[in-house]
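Engineer: Provided below: query-v5.txt, containing compact mmCIF, C-alpha atoms and all ligand atoms.
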# COMPACT_ATOMS: atom_id res chain seq x y z
CA MET A 1 74.29 118.12 106.30
CA VAL A 2 72.94 115.09 108.01
CA LEU A 3 70.05 115.14 105.62
CA ASP A 4 72.41 115.45 102.69
CA HIS A 5 74.39 112.58 103.97
CA LEU A 6 71.27 110.52 104.42
CA ALA A 7 70.02 111.43 100.95
CA SER A 8 73.26 110.42 99.28
CA GLY A 9 73.22 107.19 101.31
CA VAL A 10 69.72 106.45 100.12
CA ARG A 11 70.74 107.36 96.60
CA ARG A 12 73.65 104.95 96.84
CA VAL A 13 71.46 102.15 98.13
CA VAL A 14 68.88 102.83 95.44
CA THR A 15 71.52 102.86 92.71
CA THR A 16 73.07 99.65 93.99
CA LEU A 17 69.65 98.05 94.11
CA ALA A 18 68.79 99.25 90.64
CA VAL A 19 72.04 97.95 89.23
CA ALA A 20 71.54 94.64 91.03
CA LEU A 21 67.98 94.38 89.72
CA ALA A 22 68.98 95.32 86.21
CA TRP A 23 71.72 92.73 86.34
CA THR A 24 69.40 89.93 87.53
CA GLY A 25 66.85 91.13 84.99
CA THR A 26 69.09 90.94 81.96
CA HIS A 27 70.75 87.86 83.33
CA GLY A 28 67.36 86.15 83.72
CA GLU A 29 66.37 87.30 80.26
CA THR A 30 69.49 85.97 78.56
CA ARG A 31 69.01 82.70 80.31
CA ALA A 32 65.41 82.54 79.07
CA GLN A 33 66.56 83.47 75.58
CA ASP A 34 69.22 80.77 75.68
CA ALA A 35 66.62 78.24 76.79
CA ASP A 36 64.31 79.33 73.96
CA ALA A 37 67.10 79.12 71.41
CA ALA A 38 68.00 75.63 72.60
CA ALA A 39 64.35 74.52 72.46
CA ILE A 40 64.01 75.91 68.92
CA GLU A 41 67.17 74.12 67.81
CA ARG A 42 65.97 70.82 69.28
CA GLY A 43 62.55 71.50 67.75
CA ALA A 44 64.09 71.91 64.30
CA TYR A 45 65.57 68.43 64.67
CA VAL A 46 62.22 66.99 65.78
CA PHE A 47 60.57 68.74 62.82
CA ASN A 48 63.03 67.22 60.34
CA THR A 49 62.77 63.81 61.97
CA SER A 50 59.00 63.99 61.58
CA GLY A 51 59.55 64.33 57.83
CA GLY A 52 59.14 68.11 57.89
CA CYS A 53 55.35 67.89 58.36
CA SER A 54 55.35 67.69 54.57
CA CYS A 55 51.66 66.77 54.28
CA HIS A 56 50.89 70.35 55.32
CA THR A 57 52.46 71.89 52.23
CA ASP A 58 50.50 71.78 48.98
CA VAL A 59 53.58 71.25 46.85
CA LYS A 60 51.69 70.42 43.65
CA ASN A 61 49.90 73.76 43.63
CA ASP A 62 52.87 75.81 44.85
CA GLY A 63 51.18 76.27 48.23
CA ALA A 64 53.02 78.23 50.93
CA HIS A 65 55.16 76.21 53.36
CA LEU A 66 52.96 74.45 55.97
CA ALA A 67 49.92 76.56 55.04
CA GLY A 68 47.85 73.41 54.38
CA GLY A 69 45.36 72.70 51.62
CA ARG A 70 47.08 69.61 50.37
CA ALA A 71 44.60 66.95 49.23
CA LEU A 72 45.14 63.51 50.78
CA VAL A 73 43.04 61.10 48.75
CA THR A 74 41.99 58.06 50.76
CA PRO A 75 39.41 55.28 50.35
CA PHE A 76 37.19 57.30 52.72
CA GLY A 77 37.28 60.52 50.76
CA THR A 78 39.60 63.47 50.38
CA PHE A 79 41.16 65.18 53.37
CA TYR A 80 42.67 68.65 53.13
CA SER A 81 45.55 69.23 55.51
CA PRO A 82 45.16 72.33 57.71
CA ASN A 83 47.34 75.41 58.02
CA ILE A 84 49.95 74.85 60.77
CA THR A 85 51.83 78.13 60.37
CA PRO A 86 51.78 80.49 63.39
CA ASP A 87 49.08 82.68 61.85
CA PRO A 88 46.73 83.34 64.80
CA GLU A 89 43.54 83.49 62.72
CA THR A 90 43.89 80.71 60.16
CA GLY A 91 46.84 78.71 61.52
CA ILE A 92 47.85 77.54 65.00
CA GLY A 93 49.35 80.82 66.23
CA ALA A 94 46.73 81.21 68.98
CA TRP A 95 47.30 77.73 70.42
CA ASN A 96 48.91 77.33 73.81
CA ASP A 97 51.25 74.51 74.80
CA ALA A 98 48.51 72.40 76.37
CA GLY A 99 46.36 72.72 73.24
CA PHE A 100 49.23 71.65 71.02
CA ILE A 101 50.05 68.65 73.22
CA ARG A 102 46.38 67.63 73.36
CA ALA A 103 46.04 67.79 69.55
CA MET A 104 49.16 65.69 68.97
CA ARG A 105 48.62 63.26 71.84
CA GLU A 106 44.84 62.90 72.05
CA GLY A 107 43.77 63.84 68.53
CA VAL A 108 41.45 66.53 69.87
CA SER A 109 41.39 70.12 68.58
CA PRO A 110 41.45 73.17 70.89
CA ALA A 111 37.71 73.47 70.11
CA GLY A 112 37.26 69.95 71.49
CA GLU A 113 36.63 68.19 68.18
CA HIS A 114 38.06 64.77 67.34
CA TYR A 115 40.56 64.72 64.50
CA TYR A 116 40.39 62.09 61.79
CA PRO A 117 43.31 59.69 61.98
CA ALA A 118 44.43 60.98 58.57
CA PHE A 119 46.32 63.28 60.94
CA PRO A 120 48.81 60.72 62.30
CA TYR A 121 48.19 61.39 66.01
CA PRO A 122 48.07 57.62 66.60
CA ALA A 123 51.83 57.87 65.95
CA PHE A 124 52.47 61.32 67.46
CA THR A 125 50.74 60.31 70.69
CA GLY A 126 53.98 58.49 71.53
CA MET A 127 56.08 61.67 71.42
CA THR A 128 57.47 62.98 74.69
CA ASP A 129 56.20 66.28 76.11
CA GLN A 130 59.67 67.69 75.61
CA ASP A 131 59.78 66.79 71.90
CA LEU A 132 56.27 68.18 71.39
CA LEU A 133 57.02 71.47 73.12
CA ASP A 134 60.33 71.84 71.26
CA LEU A 135 58.50 71.16 67.98
CA LYS A 136 55.92 73.82 68.82
CA ALA A 137 58.67 76.30 69.72
CA TYR A 138 60.26 75.70 66.33
CA LEU A 139 57.00 75.86 64.35
CA PHE A 140 56.22 79.21 65.96
CA THR A 141 59.44 80.70 64.53
CA LEU A 142 58.35 79.99 60.94
CA PRO A 143 56.58 82.57 58.77
CA ALA A 144 52.86 82.95 59.49
CA VAL A 145 50.70 82.54 56.39
CA SER A 146 47.06 83.59 56.27
CA ARG A 147 45.12 80.84 54.51
CA SER A 148 41.80 79.44 55.69
CA ASN A 149 41.27 75.70 55.95
CA GLU A 150 38.75 73.98 53.72
CA ASP A 151 36.35 71.20 54.68
CA HIS A 152 37.20 67.59 53.96
CA GLU A 153 35.17 65.84 51.26
CA LEU A 154 34.31 62.51 52.85
CA ASP A 155 31.90 59.72 52.08
CA LEU A 156 29.28 58.70 54.62
CA PRO A 157 29.53 57.46 57.30
CA PHE A 158 33.03 58.94 57.62
CA ALA A 159 31.71 62.45 57.10
CA TRP A 160 30.07 62.20 60.52
CA ARG A 161 32.76 63.39 62.86
CA PHE A 162 31.22 61.63 65.86
CA MET A 163 32.16 58.38 64.09
CA VAL A 164 35.75 59.30 64.87
CA GLY A 165 34.96 59.07 68.58
CA ALA A 166 33.78 55.49 68.07
CA TRP A 167 36.83 54.74 65.95
CA LYS A 168 39.15 56.09 68.61
CA PHE A 169 37.42 54.06 71.29
CA LEU A 170 38.14 50.88 69.30
CA ASN A 171 41.53 51.67 67.79
CA PHE A 172 43.37 54.33 69.63
CA GLU A 173 45.38 54.34 72.80
CA SER A 174 46.98 57.62 73.80
CA GLY A 175 50.15 58.15 75.75
CA PRO A 176 53.88 58.61 75.32
CA PHE A 177 56.09 55.78 74.09
CA VAL A 178 57.09 53.35 76.85
CA PRO A 179 60.56 51.87 76.33
CA ASP A 180 60.83 48.08 76.40
CA PRO A 181 63.30 47.16 79.18
CA ASP A 182 64.11 43.86 77.42
CA ARG A 183 65.50 45.72 74.40
CA ASP A 184 68.63 47.83 74.10
CA ALA A 185 68.77 51.62 73.80
CA ALA A 186 69.19 51.59 70.00
CA TRP A 187 66.09 49.44 69.47
CA ASN A 188 64.05 51.63 71.81
CA ARG A 189 65.20 54.83 70.13
CA GLY A 190 64.43 53.25 66.73
CA ALA A 191 60.98 52.15 67.87
CA TYR A 192 60.29 55.68 69.13
CA LEU A 193 61.45 57.29 65.88
CA VAL A 194 59.79 54.84 63.47
CA GLY A 195 56.57 54.45 65.44
CA SER A 196 56.12 57.99 66.75
CA VAL A 197 58.14 60.95 65.52
CA ALA A 198 58.97 59.87 61.96
CA HIS A 199 55.64 57.99 61.74
CA CYS A 200 57.01 55.61 59.08
CA GLY A 201 54.23 53.17 59.97
CA GLU A 202 51.51 55.63 58.98
CA CYS A 203 52.52 55.39 55.31
CA HIS A 204 54.13 51.94 55.24
CA THR A 205 51.35 49.97 56.99
CA PRO A 206 48.05 48.95 55.35
CA ARG A 207 44.79 50.15 56.91
CA ASP A 208 41.66 48.27 57.85
CA MET A 209 38.11 49.11 56.82
CA LEU A 210 37.82 51.82 59.44
CA GLY A 211 41.07 53.46 58.46
CA GLY A 212 43.07 52.19 61.43
CA LEU A 213 46.50 50.65 60.88
CA ASP A 214 46.47 46.87 60.49
CA ARG A 215 49.07 46.19 63.20
CA ASP A 216 49.53 42.55 62.09
CA LEU A 217 50.96 43.94 58.88
CA TRP A 218 53.16 46.56 60.59
CA LEU A 219 55.42 48.22 57.96
CA ALA A 220 54.47 45.56 55.37
CA GLY A 221 53.56 48.13 52.72
CA THR A 222 50.27 49.02 51.12
CA THR A 223 48.81 49.56 47.68
CA ALA A 224 46.68 52.41 49.04
CA GLY A 225 49.23 54.91 50.35
CA PRO A 226 48.55 58.49 51.38
CA GLU A 227 48.75 59.69 47.79
CA GLY A 228 46.68 56.82 46.44
CA GLY A 229 49.75 54.90 45.21
CA GLY A 230 51.78 52.01 46.60
CA VAL A 231 54.14 52.21 49.55
CA PRO A 232 56.80 49.48 49.76
CA ASN A 233 57.14 46.72 52.33
CA ILE A 234 60.00 47.65 54.69
CA THR A 235 59.86 44.57 56.93
CA PRO A 236 62.90 42.23 56.84
CA ASP A 237 61.27 39.74 54.45
CA PRO A 238 64.08 39.12 51.93
CA GLU A 239 61.80 38.67 48.89
CA THR A 240 59.10 41.29 49.26
CA GLY A 241 60.63 43.57 51.91
CA ILE A 242 64.10 44.96 52.58
CA GLY A 243 65.57 41.93 54.38
CA ALA A 244 68.23 41.47 51.70
CA TRP A 245 69.39 45.09 51.91
CA SER A 246 72.56 45.96 53.76
CA ASP A 247 72.50 48.40 56.66
CA SER A 248 74.14 51.04 54.51
CA ALA A 249 71.54 50.58 51.76
CA ILE A 250 68.79 51.32 54.27
CA ARG A 251 70.72 54.26 55.70
CA SER A 252 71.26 55.57 52.20
CA VAL A 253 67.49 55.74 51.52
CA LEU A 254 67.04 57.87 54.61
CA ALA A 255 70.21 59.94 54.49
CA ARG A 256 70.26 60.56 50.74
CA GLY A 257 66.96 59.34 49.30
CA MET A 258 68.92 56.87 47.19
CA LEU A 259 67.79 53.31 46.46
CA PRO A 260 70.15 50.34 46.05
CA ASP A 261 69.71 50.45 42.23
CA GLY A 262 70.94 54.05 42.15
CA ASP A 263 67.45 55.48 41.63
CA PHE A 264 66.04 58.07 44.01
CA VAL A 265 62.85 57.68 46.01
CA GLY A 266 59.95 59.76 44.79
CA GLY A 267 56.59 61.05 46.00
CA ALA A 268 55.77 61.22 49.66
CA MET A 269 59.03 59.52 50.66
CA ALA A 270 61.10 62.11 48.80
CA GLU A 271 59.32 64.93 50.62
CA ALA A 272 59.53 63.35 54.08
CA GLY A 273 63.08 62.39 53.15
CA GLU A 274 64.11 66.05 52.97
CA GLY A 275 63.70 65.94 56.74
CA PHE A 276 65.19 62.46 57.25
CA LYS A 277 68.40 63.72 55.58
CA HIS A 278 69.13 65.58 58.82
CA LEU A 279 69.04 62.45 61.01
CA THR A 280 72.15 61.97 63.12
CA ASP A 281 74.27 58.86 62.59
CA SER A 282 73.14 57.39 65.87
CA ASP A 283 69.47 57.91 64.99
CA LEU A 284 70.05 56.29 61.57
CA ASP A 285 71.65 53.34 63.37
CA ALA A 286 68.69 53.16 65.74
CA ILE A 287 66.17 53.11 62.87
CA VAL A 288 68.11 50.37 61.07
CA ALA A 289 68.40 48.31 64.28
CA TYR A 290 64.66 48.58 64.83
CA LEU A 291 63.71 47.79 61.20
CA ARG A 292 65.91 44.68 61.33
CA ALA A 293 64.01 43.43 64.37
CA VAL A 294 60.46 43.94 63.02
CA PRO A 295 58.63 40.66 62.23
CA PRO A 296 59.11 39.90 58.50
CA VAL A 297 55.86 39.91 56.50
CA VAL A 298 55.49 38.46 53.00
CA ASN A 299 53.61 41.14 51.10
CA ARG A 300 54.54 42.14 47.59
CA ILE A 301 53.76 45.74 46.65
CA GLY A 302 54.21 46.68 43.01
CA LYS A 303 57.11 45.43 41.01
CA PRO A 304 59.67 43.04 42.48
CA PRO A 305 62.55 44.87 44.15
CA PRO A 306 65.69 45.37 42.05
CA ALA A 307 67.70 42.15 41.78
CA LYS A 308 70.83 44.01 42.73
CA THR A 309 70.86 43.96 46.54
CA SER A 310 73.09 45.52 48.83
CA ASN A 311 76.49 44.01 48.95
CA GLU A 312 78.08 46.72 46.89
CA TRP A 313 76.90 49.21 49.51
CA GLU A 314 78.78 47.58 52.33
C1 LIG B 401 54.51 60.27 53.96
C2 LIG B 401 54.60 58.84 53.72
C3 LIG B 401 55.88 58.13 54.13
C4 LIG B 401 56.57 58.23 55.31
C5 LIG B 401 56.22 59.05 56.53
C6 LIG B 401 57.70 57.34 55.20
N1 LIG B 401 57.70 56.73 53.97
FE1 LIG B 401 59.14 55.44 53.30
N2 LIG B 401 58.26 55.46 51.46
C7 LIG B 401 57.07 56.08 51.13
C8 LIG B 401 56.79 55.87 49.72
C9 LIG B 401 55.57 56.40 48.95
C10 LIG B 401 57.87 55.12 49.20
C11 LIG B 401 58.09 54.69 47.74
C12 LIG B 401 58.93 55.76 47.06
C13 LIG B 401 59.23 55.40 45.61
O1 LIG B 401 58.76 54.37 45.13
O2 LIG B 401 59.95 56.18 44.97
C14 LIG B 401 58.77 54.87 50.32
C15 LIG B 401 59.97 54.15 50.23
C16 LIG B 401 60.76 53.77 51.32
C17 LIG B 401 61.88 52.87 51.25
C18 LIG B 401 62.40 52.17 49.99
C19 LIG B 401 61.82 50.78 49.96
C20 LIG B 401 61.87 50.11 48.61
O3 LIG B 401 61.62 48.89 48.56
O4 LIG B 401 62.12 50.77 47.60
C21 LIG B 401 62.37 52.71 52.52
C22 LIG B 401 63.53 51.85 52.98
C23 LIG B 401 61.54 53.54 53.37
N3 LIG B 401 60.58 54.18 52.61
C24 LIG B 401 61.71 53.64 54.74
C25 LIG B 401 61.01 54.56 55.51
C26 LIG B 401 61.32 54.81 56.89
C27 LIG B 401 62.35 54.07 57.71
C28 LIG B 401 60.48 55.82 57.29
C29 LIG B 401 60.46 56.52 58.63
C30 LIG B 401 61.76 57.02 59.09
C31 LIG B 401 59.63 56.16 56.17
N4 LIG B 401 59.99 55.39 55.11
C32 LIG B 401 58.62 57.13 56.21
C33 LIG B 401 56.26 56.81 52.00
C34 LIG B 401 56.61 57.19 53.28
Show how you would write the structure in this file as structure tokens.
Structural biologist:
Amino acid sequence: MVLDHLASGVRRVVTTLAVALAWTGTHGETRAQDADAAAIERGAYVFNTSGGCSCHTDVKNDGAHLAGGRALVTPFGTFYSPNITPDPETGIGAWNDAGFIRAMREGVSPAGEHYYPAFPYPAFTGMTDQDLLDLKAYLFTLPAVSRSNEDHELDLPFAWRFMVGAWKFLNFESGPFVPDPDRDAAWNRGAYLVGSVAHCGECHTPRDMLGGLDRDLWLAGTTAGPEGGGVPNITPDPETGIGAWSDSAIRSVLARGMLPDGDFVGGAMAEAGEGFKHLTDSDLDAIVAYLRAVPPVVNRIGKPPPAKTSNEWE
């Protein structure tokens, strides 16, 4: 009797405990799932803002999304972008968070090798840990594709990877973006987006003999863009840049891929632009505010800009 009573008491305690544990368990799990879902959603925005990592898809040859193999022809030789799908063997599926942050921030692979700055880590280094981890969380939800990377075809001395160490020593400073307290929030957000996440400067700035960005000509355009062609001057110079464009004309290039003359942007900008179309209004404002404040540089790339400027876009 007493024993029975004791046994049922124990049973009751055990059941209560089990229920309590199960409740905390599922509760903890849902919370973790919610946190993951939120990180993935933020990561999708970071991914789009980065231009959808479009260099990693070999569009011309119908390559699988982000599976690499796209040829980037540069004055130093041809680079082939690597597979960044979550495939553990041929992609980045086996990378941990620290490895991903190190690659993006330091330009060093999990195997400890320096990356060539054809991979725009000199821009991505400015990204916050939070944005990088969210981006990784999102990338890891995408389909894994098995496709092995190929070697770059580079001219000497660039083919010697140790040269990259020397280049980095001279040209590269790692570390997250530091806001300028003398500027307002919009400018700082714009500087972060243009300089780091969206890496506009990596395509729109000419490079020096070692392949580093020529910072004196920041955003002033180049005749040797990532696809071999020209990339326009987007500094506020009114003649050779976009200084005569209205705010809405600039927004329209990013939000819709449409130029002031009604034409649509092509090439690399059109691909990155698929991501830029998702920018929020406040981020578009921030980018415009920042572009307006960049030092104007006189540098004509290609044909003169369309005579029709912006007023009709206001
Ligand atoms: C992957 C390379 C790449 C990236 C990244 C990139 N652009 Fe471009 N951009 C181009 C190219 C190439 C063109 C020319 C497209 C054409 O002629 O159709 C262009 C065109 C433009 C134009 C039109 C200028 C004109 O005179 O016609 C603007 C404005 C512009 N980009 C702004 C930006 C901004 C702002 C960012 C970052 C948010 C950015 N781009 C990121 C390659 C890039």
Engineer: Give the residues close to ligand LIG 401 (chain B), within 6 Å, counting only C-alpha atoms and all ligand atoms; write them as a VMD selection string.
Structural biologist: chain A and resid 194 198 to 200 203 231 to 232 234 250 253 265 to 269 272
Engineer: Go ahead and compute the interatomic distance for atom CA of A:Ala185 and atom CA of A:Leu259, in Å to one decimal.
Structural biologist: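 That distance, rounded to one decimal, is 27.4 Å.
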Engineer: Which one of A:Arg215, A:Arg256, A:Arg300, A:Lys277 sits closest to A:Asn233 if you count only C-alpha atoms?
Structural biologist: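 Nearest to A:Asn233: A:Arg300.
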Engineer: Pick out the residues sitting within 8 Å of A:Leu66, and hand them over as an NGL selection string; count all atoms listed in the file, and ignore anything fewer than 6 positions along from it in its own chain.
Structural biologist: :A and (53-58 or 83-85)
Engineer: I'd like the neighbourhood of stretch 118-124 of chain A as a compact mmCIF listing (two decimals) with C-alpha atoms, keeping the file's coordinate frame, where a residue qualifies if any of its atoms comes within 8 Å (using all atoms listed in the file), though same-chain residues fewer than 3 positions away should be ignored.
Structural biologist:
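Contents of the output file result.txt:
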# COMPACT_ATOMS: atom_id res chain seq x y z
CA PHE A 79 41.16 65.18 53.37
CA ALA A 103 46.04 67.79 69.55
CA MET A 104 49.16 65.69 68.97
CA ARG A 105 48.62 63.26 71.84
CA GLU A 106 44.84 62.90 72.05
CA GLY A 107 43.77 63.84 68.53
CA TYR A 115 40.56 64.72 64.50
CA MET A 127 56.08 61.67 71.42
CA PHE A 172 43.37 54.33 69.63
CA GLU A 173 45.38 54.34 72.80
CA SER A 174 46.98 57.62 73.80
CA GLY A 195 56.57 54.45 65.44
CA SER A 196 56.12 57.99 66.75
CA VAL A 197 58.14 60.95 65.52
CA HIS A 199 55.64 57.99 61.74
CA GLY A 201 54.23 53.17 59.97
CA GLU A 202 51.51 55.63 58.98
Engineer: Using all atoms listed in the file, which of A:Ala64, A:Leu284, A:Pro226, A:Arg207 sits nearest A:Ala191?
Structural biologist: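 Closest to A:Ala191, using all atoms listed in the file: A:Leu284.
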Engineer: Identify, on the basis of all atoms listed in the file, every residue whose closest approach to A:Ile242 does not exceed 10 Å; exclude the query and any residue fewer than 2 positions from it along the same chain; express the result as a list in words.
Structural biologist: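 Selected residues are Pro232, Asn233, Ile234, Thr235, Pro236, Asp237, Pro238, Glu239, Thr240, Ala244, Trp245, Ser246, Asp247, Ala249, Ile250, Leu291, Arg292, Pro296, Pro305, Thr309 and Ser310 of chain A.
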Engineer: The selected residues should be written to file as a short mmCIF file (atom, residue, chain, number, x, y, z; two decimals), in the coordinates of the input (atoms: C-alpha atoms).
Structural biologist:
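The resulting file, result-v9.cif, is reproduced below:
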data_model
loop_
_atom_site.label_atom_id
_atom_site.label_comp_id
_atom_site.auth_asym_id
_atom_site.auth_seq_id
_atom_site.Cartn_x
_atom_site.Cartn_y
_atom_site.Cartn_z
CA PRO A 232 56.80 49.48 49.76
CA ASN A 233 57.14 46.72 52.33
CA ILE A 234 60.00 47.65 54.69
CA THR A 235 59.86 44.57 56.93
CA PRO A 236 62.90 42.23 56.84
CA ASP A 237 61.27 39.74 54.45
CA PRO A 238 64.08 39.12 51.93
CA GLU A 239 61.80 38.67 48.89
CA THR A 240 59.10 41.29 49.26
CA ALA A 244 68.23 41.47 51.70
CA TRP A 245 69.39 45.09 51.91
CA SER A 246 72.56 45.96 53.76
CA ASP A 247 72.50 48.40 56.66
CA ALA A 249 71.54 50.58 51.76
CA ILE A 250 68.79 51.32 54.27
CA LEU A 291 63.71 47.79 61.20
CA ARG A 292 65.91 44.68 61.33
CA PRO A 296 59.11 39.90 58.50
CA PRO A 305 62.55 44.87 44.15
CA THR A 309 70.86 43.96 46.54
CA SER A 310 73.09 45.52 48.83
#
Engineer: Give me the residues within 12 Å of stretch 86-99 of chain A as a ChimeraX atom specification, counting all atoms listed in the file and dropping any in the same chain fewer than 3 places off.
Structural biologist: /A:56,65-69,81-83,102-113,129-150
